[in-house]
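Below you'll find the structure, written out as C-alpha cells, and then a few comments.
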Amino acid sequence: MKKVLKIALLSVLGLVVVAGVLVWMEFGPLIKGANSCVKLDDGLYYMEYRGDDGFDGLMAKGGFEKADDMVDFIIEFLSKGHYKPEVDTSKEPYGCSALTVSTPDGGVMMGRNFDFPSAIAVIMHCIPDKGYETITTFNAEFYGFGKDYKPEGFKNQYMALTGLFVALDGINEKGLAIADLMAGDTIQTNQRTSKPDLTTTAAIAYMLKNAANVDEALKLLEGIDMHSDIGSAHHYAMADPTGRSVVVEYVDNKMVVTESPAVANHYLCEQKLNVGLAEGDDRYDRLCQRFDQTGGVMSEKQLTDAISAVSQPQREGFLGTAWTMVMDMKHPSITYYSRRHFDKPFHFEIGK
C-alpha cells in the first residue's frame, strides 16, 4: 500500500513539475517582466522585459486601426489566449514640448515634457528576441485599467506589460529618439490602403524596434497605414545621433516632414503652420530662443534647464508635466524626472 501511494505521489509530483515547466516556458518572460516592476517616484514606475515582444505576431496579422483592436491583441498575447478582461481606452488630450540640440563634445540630445491631466508613467526597458533594445514610456491611465490603478502587485504589474506595444516616447540602442505630441487640432489620420495598420503610439514602439535612424523610421512610416490615437491629430519629434531632427505630421492623410529642433502643440508644416497655437502659449518660441542663443549647442544641464523652463505646473484638474526626459543619442540613455521633481533624476542606459 505504501509503495503504491509513493508511486502515485511521485507520479502526481512529476505531472506538477511538467506542468510548471510548460507554464514557465509559455509565461516565464512575462512573469519575470511583471515582477521587475518597481516604483521610482510619485507616478513613475520602471520595468524590464526580455523575450518575444509580440510585435512580429502583431504585424503578421496586419496590425490594428484603433485602440480597442489593440487591446484585443495585447490581452491575447499576455494571456496566451486564456483570458479576456474588459478594458476601456482613455481619450483625453495631452500637451507636450521637445527640443533637440548638439552638445559641446559632439553629441546629440533631446529633451521632452509630457503634460497631461493625470498620469501613471511606466518606463518599459525591452530587450527583445528580435529587433533593437529600447527604453520607452507610456501612460497607464490611457488604458482604463480601473479607478486608482497603479502597477503595484503582481496582477497590476502584469497588466502594465501593455507597454510593450505602445509608447509615447523613447530611444533605442542605435540612438534613435522619438516623442509623440498633440499637433493642434482634432482632425484624425486614417490611412486605408493594403498596408499594415498601426496607431500613433504603437507606431513609436514599432519604429524604435526596427529603425536605426530618422531615415529608416520615415521609411517604416511610409510602409504602414497610420491611425490617430485618442481621436486627435498628432505629430512626432524624431532625432538621431547624426543630429538630424524632424517633425512628422499628417495633413489630409499624407505624411509631411519638417526639419525643426523644437516642437510643441501646433503644426509646423507649411500647409497648416501655427494651426493649434493657443493664445499665450509661447513654449515653442521660448525653446527656439534658447536654441538660437546657444547656437543649438547645449550641455545636458542647459538642455534640462531649457525643457524644465517650459514644463507645466499642477493646477485644478490638471497634473501638469507628468514626466520630463533627456535622451542622449550618442550614448543611448535617458534621464527621467517625475512630476517636475528636478532634484530626483533617474538615469537608465541601454546595453548596460
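Residue names in the C-alpha cells use chain letters A, B, ... in the order shown, residue numbers from 1 in each chain, and ligand numbers from 1 in the order shown.
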
>> Please identify the helix (DSSP H, G or I) residues within region 38-254 of chain A (assignment by DSSP from backbone atoms) and present them as a VMD selection string.
In response: chain A and resid 55 to 60 67 to 79 140 to 143 154 to 164 200 to 210 214 to 222

Report as a Markdown table the residues of region 235-256 of chain A within 9 Å of region 260-278 of chain A, each with its shortest atom pair and distance in Å (one decimal), using only C-alpha atoms, ordered by chain and increasing residue number.
| residue | atom | partner | partner_atom | distance |
| --- | --- | --- | --- | --- |
| A:His235 | CA | A:Tyr267 | CA | 7.9 |
| A:Tyr236 | CA | A:Val263 | CA | 8.8 |
| A:Ala237 | CA | A:Val263 | CA | 7.0 |
| A:Ala239 | CA | A:Pro261 | CA | 8.6 |
| A:Arg244 | CA | A:Pro261 | CA | 8.5 |
| A:Ser245 | CA | A:Pro261 | CA | 5.6 |
| A:Val246 | CA | A:Ser260 | CA | 5.2 |
| A:Val247 | CA | A:Ser260 | CA | 6.3 |
| A:Val248 | CA | A:Cys269 | CA | 8.7 |
| A:Glu249 | CA | A:Cys269 | CA | 7.4 |
| A:Val251 | CA | A:Gln271 | CA | 7.6 |
| A:Val256 | CA | A:Cys269 | CA | 7.0 |

Excluding same-chain residues fewer than 2 positions from Gln312 (chain A), what lies within 10 Å of it counting only C-alpha atoms, as a PDB file with C-alpha atoms, in the first residue's frame?
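The resulting file, result23.pdb, is shown below:
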ATOM      1  CA  GLY A  95       0.183  68.605 -24.438  1.00  0.00           C
ATOM      2  CA  CYS A  96       3.951  68.358 -24.674  1.00  0.00           C
ATOM      3  CA  ASN A 113       7.984  67.173 -21.414  1.00  0.00           C
ATOM      4  CA  PHE A 114       4.789  65.111 -21.300  1.00  0.00           C
ATOM      5  CA  ASP A 115       1.886  67.201 -19.980  1.00  0.00           C
ATOM      6  CA  PHE A 116      -1.403  65.533 -19.053  1.00  0.00           C
ATOM      7  CA  ARG A 283       6.566  77.248 -25.207  1.00  0.00           C
ATOM      8  CA  SER A 308      12.126  72.323 -17.498  1.00  0.00           C
ATOM      9  CA  ALA A 309      11.547  76.059 -18.031  1.00  0.00           C
ATOM     10  CA  VAL A 310       8.560  75.237 -20.277  1.00  0.00           C
ATOM     11  CA  GLN A 314      -0.074  71.478 -11.497  1.00  0.00           C
ATOM     12  CA  ARG A 315      -3.427  73.212 -11.281  1.00  0.00           C
ATOM     13  CA  PHE A 318      -4.538  69.170 -14.497  1.00  0.00           C
ATOM     14  CA  LEU A 319      -1.474  67.284 -13.296  1.00  0.00           C
ATOM     15  CA  GLY A 320       0.870  69.480 -15.319  1.00  0.00           C
ATOM     16  CA  THR A 321       4.059  67.883 -16.590  1.00  0.00           C
ATOM     17  CA  ALA A 322       3.809  64.198 -15.763  1.00  0.00           C
ATOM     18  CA  ARG A 339       6.174  65.489 -11.927  1.00  0.00           C
ATOM     19  CA  ARG A 340       8.749  68.309 -12.005  1.00  0.00           C
TER      20      ARG A 340
END

Can you list every residue of region 51-142 of chain A that has an atom at most 9 Å from region 34-47 of chain A, with its nearest atom pair and the distance in Å to one decimal, using only C-alpha atoms, ordered by chain then number, as a tab-separated table?
residue	atom	partner	partner_atom	distance
A:Ala119	CA	A:Gly43	CA	6.8
A:Ile120	CA	A:Gly43	CA	4.8
A:Ala121	CA	A:Leu44	CA	4.8
A:Val122	CA	A:Tyr45	CA	4.8
A:Ile123	CA	A:Tyr46	CA	4.6
A:Met124	CA	A:Met47	CA	5.3
A:His125	CA	A:Met47	CA	6.2
A:Cys126	CA	A:Met47	CA	8.5

>> When you look at region 200-214 of chain A with a cut-off of 6 Å (counting only C-alpha atoms), what residues show up, excluding the ones that are within fewer than 3 positions of it in the same chain? I need them as an MDAnalysis selection string.
In response: chainID A and resid 131:132 165:168 172 174 176 217 228:229 240

> Which residue out of A:Gly63, A:Pro128, A:Pro345, A:Pro241 has the minimum interatomic distance to Asp197 (chain A) when only C-alpha atoms are used?
Replying inline: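 Closest to Asp197 (chain A) of all the choices is A:Gly63.
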
>> With DSSP run on the backbone, what are the strand (DSSP E or B) residues within region 24-242 of chain A? I'd like them as a ChimeraX atom specification.
In response: /A:38-41,44-51,63,95-102,108-116,121-128,134-139,169-172,177-182,190,197-199,225-227,234-239

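Between CA of Gln191 (chain A) and CA of Met255 (chain A) there is a distance of 10.0 Å.
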
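Put simply, CA of Leu161 (chain A) is 7.8 Å away from CA of Leu78 (chain A).
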
>> Report as a list in words all protein, DNA and RNA residues lying within 7 Å of region 51-62 of chain A, evaluated on only C-alpha atoms, omitting residues in the same chain fewer than 3 positions from it.
In response: Pro29, Phe77, Ile127, Pro128, Asp129, Leu164, Pro196 and Asp197 of chain A

Atoms kept (N, CA, C and O atoms) for selection, written as a compact mmCIF listing (two decimals), in the first residue's frame:
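Here's the written file selection.txt:
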# COMPACT_ATOMS: atom_id res chain seq x y z
N PRO A 29 8.96 34.64 -19.44
CA PRO A 29 9.42 36.01 -19.68
C PRO A 29 8.42 37.07 -19.23
O PRO A 29 8.81 38.12 -18.71
N PHE A 77 -2.02 38.22 -26.34
CA PHE A 77 -0.58 37.97 -26.19
C PHE A 77 -0.22 37.73 -24.73
O PHE A 77 0.52 36.78 -24.41
N ILE A 127 14.30 44.27 -24.05
CA ILE A 127 15.39 43.61 -24.76
C ILE A 127 14.76 42.45 -25.53
O ILE A 127 14.61 41.35 -25.01
N PRO A 128 14.31 42.72 -26.77
CA PRO A 128 13.52 41.72 -27.50
C PRO A 128 14.39 40.63 -28.11
O PRO A 128 15.59 40.81 -28.32
N ASP A 129 13.76 39.50 -28.41
CA ASP A 129 14.47 38.43 -29.13
C ASP A 129 14.91 38.91 -30.51
O ASP A 129 15.97 38.53 -31.01
N LEU A 164 4.62 47.10 -23.85
CA LEU A 164 5.42 46.51 -24.92
C LEU A 164 4.94 46.96 -26.29
O LEU A 164 5.71 46.99 -27.26
N PRO A 196 -0.09 47.30 -43.58
CA PRO A 196 -0.44 47.01 -42.18
C PRO A 196 -0.87 48.29 -41.46
O PRO A 196 -0.41 49.39 -41.80
N ASP A 197 -1.75 48.16 -40.48
CA ASP A 197 -2.29 49.30 -39.74
C ASP A 197 -1.64 49.42 -38.36
O ASP A 197 -1.44 48.42 -37.67
